[in-house]
There are 2 protein chains.
Amino acid sequence: MNALQIARQAAITAAREARTCYRNGLVAPSAGIAPGMTQANLIALPRDWAYDFLLYAQRNPQACPVLDVTDAGSFVTPMAEGADLRTDLPLYRIWRNGKLAEEVSDARGAWAEHPDMVTFLIGCSFTFETGLLEADIDVRHITDGGNVPMYRTNRACRPAGRLHGEMVVSMRPIPADRVAEAATITGRYPAVHGAPVHVGEPLQIGITDLAKPDFGEAVRIEPGEIPVFWACGVTPQAAVMASGVPFAITHSPGHMFITDVPDSTYHV
Amino acid sequence: MNALQIARQAAITAAREARTCYRNGLVAPSAGIAPGMTQANLIALPRDWAYDFLLYAQRNPQACPVLDVTDAGSFVTPMAEGADLRTDLPLYRIWRNGKLAEEVSDARGAWAEHPDMVTFLIGCSFTFETGLLEADIDVRHITDGGNVPMYRTNRACRPAGRLHGEMVVSMRPIPADRVAEAATITGRYPAVHGAPVHVGEPLQIGITDLAKPDFGEAVRIEPGEIPVFWACGVTPQAAVMASGVPFAITHSPGHMFITDVPDSTYHV
């Protein structure tokens with residue numbers, strides 16, 4: 001094996017080990033784990049809701065870039081050999097009638113409630129964080145060892161069928177002189193949310209207090225840093241809430257599915 | 001208005017005039033018309049088939065990049081104000097049980113057969129031809145005033161539900177010293193098929209005779225030119241044939257829907 005192959009193999013091994021840990025019960029945000037491997041948001045819905053959701057994703061591609069869709073009743077994906085989507089994420093949320101019912105680290109029981117669950121894997125901005133780190137741009141929630149802060153915005157997504165809701169964003173504080181570079185780097189990854197949707201001025205998108213994110217954890221913002229907002233794959237969960245979806249399983253924000261697919265696959 | 005706005009307005013006017021001509025009965029390939037405006041492939045299916053198709057497109061994004069999906073029973077799109085998708089393309093194909101039944105320039109009668117038709121607009125490589133022309137790369141079928149040659153390949157698409165089929169490609173002969181540039185330019189437009197899927201060696205993808213395309217018209221290939229193949233939005237029509245879809249309406253290959261959306265929207 002050459003050096004690139006060795007690095008690739010090490011990254012895949014790290015991804016598999018992480019999934020095994022989560023399967024065995026470890027609960028922790030996945031930012032910074034298995035660097036270089038694509039991470040994904042998850043939402044599973046009964047087949048009856050699958051078309052509405054796939055259309056919602058198509059109409060809101062920056063927030064909901066679809067990376068893979070399982071067949072109804074299946075919980076495997078070509079994105080990660082041997083993975084079980086019901087157990088291999090660190091934490092799941094079970095939604096009933098648009099409300100969060102419980103969080104579980106093993107969702108096999110929830111999946112068993114409907115024989116025809118369709119699972120969607122949605123691009124995650126953790127994927128492009130490796131690119132930011134490689135450019136020596138600090139990713140605060142990784143540096144400080146927490147979860148990324150995420151906020152509901154006042155930006156309505158384009159509805160589809162029975163689904164509507166607002167865009168959710170993730171936020172990273174970026175030094176003013178690196179904002180353009182962060183936009184350029186992340187813009188190269190349109191399949192994992194791409195460039196920021198908003199830079200600075202959180203009030204304009206309906207965020208009144210950066211210290212109180214709707215999901216994840218607040219991060220410190222240093223003087224000279226600008227809050228930069230990227231579309232976030234928690235947007236489907238906002239749609240579940242706003243639309244009163246009868247039943248859904250999602251990942252818990254920041255607790256993603258780590259795949260065997262290198263980030264470079266989504267680099268354009 | 002500044003110069004850019006004037007140019008933009010002229011392009012939109014050209015797009016509207018073209019749609020009006022097609023609505024009034026003009027039948028002609030649309031390559032080279034309204035340069036700078038996004039062109040789209042069209043497939044309309046009864047609602048019962050819409051999920052399978054949207055999933056097929058998601059699983060084969062290079063061949064079937066979805067630009068817009070109408071609500072069931074609707075034939076308008078935000079991509080072109082005032083346009084009627086049933087009349088504003090130069091030529092349509094009506095498919096019954098996987099076979100081409102007829103070609104019509106006004107498809108209102110066909111649309112009326114099912115009250116719940118869902119229409120998909122799929123990215124078209126005509127969109128990035130403006131970029132090739134701007135780089136002084138000859139686009140042969142535009143220069144010679146014909147339709148682009150398209151070929152069925154031996155590359156299977158990833159199936160979805162009841163849909164399966166092979167990838168269709170379009171071909172443009174490119175001088176050997178410009179192939180890399182053509183790949184780079186078109187790679188910047190992933191939503192309209194992006195970079196080539198194959199360069200040279202047509203036999204490897206199952207094309208035995210470049211002079212006999214399955215759709216469109218053959219073009220001359222000059223000495224020193226390489227046949228370069230891009231994924232093509234006629235791929236859905238190959239799926240209709242291979243899968244025996246009961247009823248579908250599509251554009252006729254090369255006879256596209258011209259939108260009011262500038263190419264630059266899909267530039268990454």
# chains A, B, ... in the order shown; residues from 1 in each chain; ligands from 1
$ residues_around --residues "Asn60 of chain A" --least-positions-apart "6" --cutoff "10 Å" --atoms "only C-alpha atoms" --output "list of chain:residue names"
A:Leu54, A:Ala156, A:Cys157, A:Arg158, A:Pro159, A:Ala160, A:Met167, A:Ala231, A:Thr235
$ residues_around --residues "segment 249-257 of chain B" --least-positions-apart "2" --cutoff "7 Å" --atoms "only C-alpha atoms" --output "list in words"
Ala28, Pro29, Ser30, Gln39, Ala40, Asn41, Leu42, Ile43, Ala44, Leu45, Leu89, Pro90, Leu91, Tyr92, Arg93, Ile94, Trp95, Asn147, Val148, Phe215, Gly216, Val234 and Thr259 of chain B
$ closest_atom_pairs --of "chain A" --to "chain B" --cutoff "10 Å" --atoms "only C-alpha atoms" --output "CSV"
residue,atom,partner,partner_atom,distance
A:Arg47,CA,B:Tyr51,CA,9.9
A:Ala50,CA,B:Tyr51,CA,7.7
A:Tyr51,CA,B:Tyr51,CA,5.2
A:Asp52,CA,B:Tyr51,CA,8.7
A:Leu54,CA,B:Leu54,CA,7.4
A:Leu55,CA,B:Val69,CA,7.6
A:Gln58,CA,B:Val66,CA,7.4
A:Arg59,CA,B:Asp68,CA,7.2
A:Pro65,CA,B:Gln58,CA,9.9
A:Val66,CA,B:Gln58,CA,7.4
A:Leu67,CA,B:Gln58,CA,8.1
A:Asp68,CA,B:Arg59,CA,7.2
A:Val69,CA,B:Leu55,CA,7.6
A:Thr70,CA,B:Leu55,CA,9.6
A:Asp71,CA,B:Gly161,CA,7.9
A:Ala72,CA,B:Gly161,CA,9.4
A:Ala160,CA,B:Asp71,CA,8.0
A:Gly161,CA,B:Asp71,CA,7.8
A:Gly187,CA,B:Val268,CA,7.3
A:Arg188,CA,B:Val268,CA,7.2
A:Tyr189,CA,B:Val268,CA,9.1
A:Pro190,CA,B:Val268,CA,7.9
A:Gly194,CA,B:Val268,CA,9.4
A:Ala195,CA,B:Val268,CA,9.8
A:Val268,CA,B:Arg188,CA,7.2
$ write_last_selection --atoms "N, CA, C and O atoms" --output "short mmCIF file (atom, residue, chain, number, x, y, z; two decimals), in the first residue's frame"
data_model
loop_
_atom_site.label_atom_id
_atom_site.label_comp_id
_atom_site.auth_asym_id
_atom_site.auth_seq_id
_atom_site.Cartn_x
_atom_site.Cartn_y
_atom_site.Cartn_z
N ARG A 47 -43.03 4.37 4.80
CA ARG A 47 -43.06 4.51 3.34
C ARG A 47 -44.07 5.55 2.87
O ARG A 47 -43.82 6.28 1.91
N ALA A 50 -42.48 8.81 2.58
CA ALA A 50 -41.16 8.89 1.92
C ALA A 50 -41.16 9.85 0.73
O ALA A 50 -40.20 10.59 0.52
N TYR A 51 -42.24 9.82 -0.06
CA TYR A 51 -42.24 10.70 -1.24
C TYR A 51 -42.25 12.16 -0.82
O TYR A 51 -41.48 12.97 -1.34
N ASP A 52 -43.12 12.50 0.14
CA ASP A 52 -43.16 13.89 0.61
C ASP A 52 -41.77 14.32 1.09
O ASP A 52 -41.31 15.42 0.79
N LEU A 54 -38.74 13.01 0.31
CA LEU A 54 -37.74 13.08 -0.76
C LEU A 54 -37.94 14.34 -1.59
O LEU A 54 -36.98 15.00 -2.01
N LEU A 55 -39.21 14.71 -1.79
CA LEU A 55 -39.51 15.94 -2.52
C LEU A 55 -39.10 17.17 -1.71
O LEU A 55 -38.54 18.13 -2.26
N GLN A 58 -35.50 17.50 -2.14
CA GLN A 58 -35.14 17.99 -3.47
C GLN A 58 -35.39 19.49 -3.56
O GLN A 58 -34.62 20.21 -4.22
N ARG A 59 -36.43 19.96 -2.91
CA ARG A 59 -36.78 21.38 -3.01
C ARG A 59 -35.95 22.26 -2.08
O ARG A 59 -36.00 23.49 -2.18
N PRO A 65 -29.34 17.83 1.57
CA PRO A 65 -28.72 17.12 0.45
C PRO A 65 -28.75 15.61 0.70
O PRO A 65 -28.12 15.13 1.64
N VAL A 66 -29.47 14.88 -0.13
CA VAL A 66 -29.66 13.45 0.11
C VAL A 66 -28.44 12.68 -0.40
O VAL A 66 -28.07 12.78 -1.56
N LEU A 67 -27.81 11.91 0.48
CA LEU A 67 -26.66 11.10 0.09
C LEU A 67 -27.06 9.66 -0.23
O LEU A 67 -26.48 9.03 -1.10
N ASP A 68 -28.05 9.13 0.48
CA ASP A 68 -28.53 7.78 0.19
C ASP A 68 -29.93 7.59 0.76
O ASP A 68 -30.30 8.27 1.73
N VAL A 69 -30.67 6.69 0.12
CA VAL A 69 -32.02 6.33 0.58
C VAL A 69 -32.10 4.82 0.58
O VAL A 69 -31.78 4.18 -0.43
N THR A 70 -32.54 4.23 1.68
CA THR A 70 -32.67 2.77 1.70
C THR A 70 -33.96 2.35 1.01
O THR A 70 -34.89 3.15 0.85
N ASP A 71 -34.02 1.09 0.62
CA ASP A 71 -35.31 0.53 0.23
C ASP A 71 -36.18 0.44 1.48
O ASP A 71 -35.67 0.38 2.61
N ALA A 72 -37.51 0.42 1.28
CA ALA A 72 -38.43 0.33 2.43
C ALA A 72 -38.14 -0.96 3.20
O ALA A 72 -38.01 -2.04 2.62
N ALA A 160 -43.39 20.72 0.67
CA ALA A 160 -43.61 19.60 -0.26
C ALA A 160 -44.65 18.69 0.37
O ALA A 160 -44.45 18.17 1.46
N GLY A 161 -45.77 18.52 -0.32
CA GLY A 161 -46.83 17.67 0.21
C GLY A 161 -47.23 18.13 1.59
O GLY A 161 -47.54 19.30 1.82
N GLY A 187 -17.70 25.81 0.17
CA GLY A 187 -18.44 25.88 -1.09
C GLY A 187 -18.07 24.77 -2.06
O GLY A 187 -18.83 24.46 -2.98
N ARG A 188 -16.92 24.17 -1.85
CA ARG A 188 -16.50 23.07 -2.73
C ARG A 188 -17.23 21.77 -2.41
O ARG A 188 -17.03 20.76 -3.07
N TYR A 189 -18.04 21.78 -1.38
CA TYR A 189 -18.76 20.57 -0.95
C TYR A 189 -20.28 20.78 -0.97
O TYR A 189 -20.93 20.71 0.07
N PRO A 190 -20.85 21.04 -2.16
CA PRO A 190 -22.30 21.33 -2.18
C PRO A 190 -23.16 20.18 -1.64
O PRO A 190 -24.25 20.42 -1.15
N GLY A 194 -22.44 22.81 1.55
CA GLY A 194 -21.76 23.82 0.76
C GLY A 194 -21.41 25.08 1.54
O GLY A 194 -21.13 25.04 2.73
N ALA A 195 -21.44 26.20 0.83
CA ALA A 195 -21.04 27.49 1.39
C ALA A 195 -22.04 27.96 2.45
O ALA A 195 -23.17 27.47 2.51
N VAL A 268 -16.08 19.10 -5.25
CA VAL A 268 -16.24 19.38 -6.69
C VAL A 268 -15.15 20.33 -7.17
O VAL A 268 -14.51 21.01 -6.37
#
$ atom_distance --atom1 "atom CA of Lys99 of chain A" --atom2 "atom CA of Met241 of chain A"
6.0 Å
$ residues_around --residues "segment 86-88 of chain B" --least-positions-apart "5" --cutoff "12 Å" --atoms "only C-alpha atoms" --output "PyMOL selection string"
chain B and resi 15-27+30+40+42-44+73-77+80-81+93-94+104-112+117-119+249-251+255-259
$ write_last_selection --atoms "C-alpha atoms" --output "short mmCIF file (atom, residue, chain, number, x, y, z; two decimals), in the first residue's frame"
data_model
loop_
_atom_site.label_atom_id
_atom_site.label_comp_id
_atom_site.auth_asym_id
_atom_site.auth_seq_id
_atom_site.Cartn_x
_atom_site.Cartn_y
_atom_site.Cartn_z
CA ALA B 15 -35.98 32.21 -23.58
CA ARG B 16 -39.57 33.49 -23.50
CA GLU B 17 -39.65 34.05 -27.22
CA ALA B 18 -38.36 30.53 -27.83
CA ARG B 19 -41.05 29.06 -25.55
CA THR B 20 -43.70 31.09 -27.37
CA CYS B 21 -42.46 29.79 -30.73
CA TYR B 22 -42.58 26.21 -29.47
CA ARG B 23 -46.04 26.80 -28.02
CA ASN B 24 -47.14 28.02 -31.42
CA GLY B 25 -45.91 24.86 -33.12
CA LEU B 26 -42.22 25.32 -33.98
CA VAL B 27 -40.39 21.96 -33.83
CA SER B 30 -33.02 23.67 -28.74
CA ALA B 40 -34.03 21.03 -18.90
CA LEU B 42 -38.69 16.64 -18.88
CA ILE B 43 -40.43 13.49 -17.71
CA ALA B 44 -44.00 13.42 -16.40
CA GLY B 73 -51.62 17.79 -11.42
CA SER B 74 -49.65 21.00 -11.88
CA PHE B 75 -47.84 21.97 -15.07
CA VAL B 76 -46.13 25.15 -13.98
CA THR B 77 -42.66 25.70 -12.50
CA ALA B 80 -40.03 29.86 -15.97
CA GLU B 81 -42.76 32.38 -15.20
CA ARG B 93 -42.86 11.85 -26.65
CA ILE B 94 -45.80 9.87 -25.31
CA VAL B 104 -46.56 15.58 -30.44
CA SER B 105 -45.78 19.29 -30.24
CA ASP B 106 -48.75 19.93 -27.93
CA ALA B 107 -49.09 17.44 -25.08
CA ARG B 108 -52.18 18.80 -23.37
CA GLY B 109 -54.22 15.82 -24.53
CA ALA B 110 -51.72 13.37 -23.04
CA TRP B 111 -51.53 15.27 -19.76
CA ALA B 112 -55.32 15.17 -19.53
CA MET B 117 -49.24 13.82 -13.40
CA VAL B 118 -46.02 14.81 -11.62
CA THR B 119 -43.48 16.54 -13.84
CA ILE B 249 -44.65 11.92 -21.20
CA THR B 250 -41.13 13.15 -21.95
CA HIS B 251 -39.47 15.72 -24.13
CA HIS B 255 -35.93 19.30 -27.76
CA MET B 256 -35.64 20.77 -24.29
CA PHE B 257 -37.49 23.05 -21.94
CA ILE B 258 -35.79 26.45 -21.91
CA THR B 259 -36.06 28.12 -18.50
#
$ closest_residue --among "B:Cys124, B:Leu85, B:Ala31, B:Leu210" --to "Val192 of chain B" --atoms "only C-alpha atoms"
B:Cys124
$ closest_residue --among "B:Pro202, B:Pro115, B:Pro173, B:Gly224" --to "Arg140 of chain B" --atoms "only C-alpha atoms"
B:Pro173
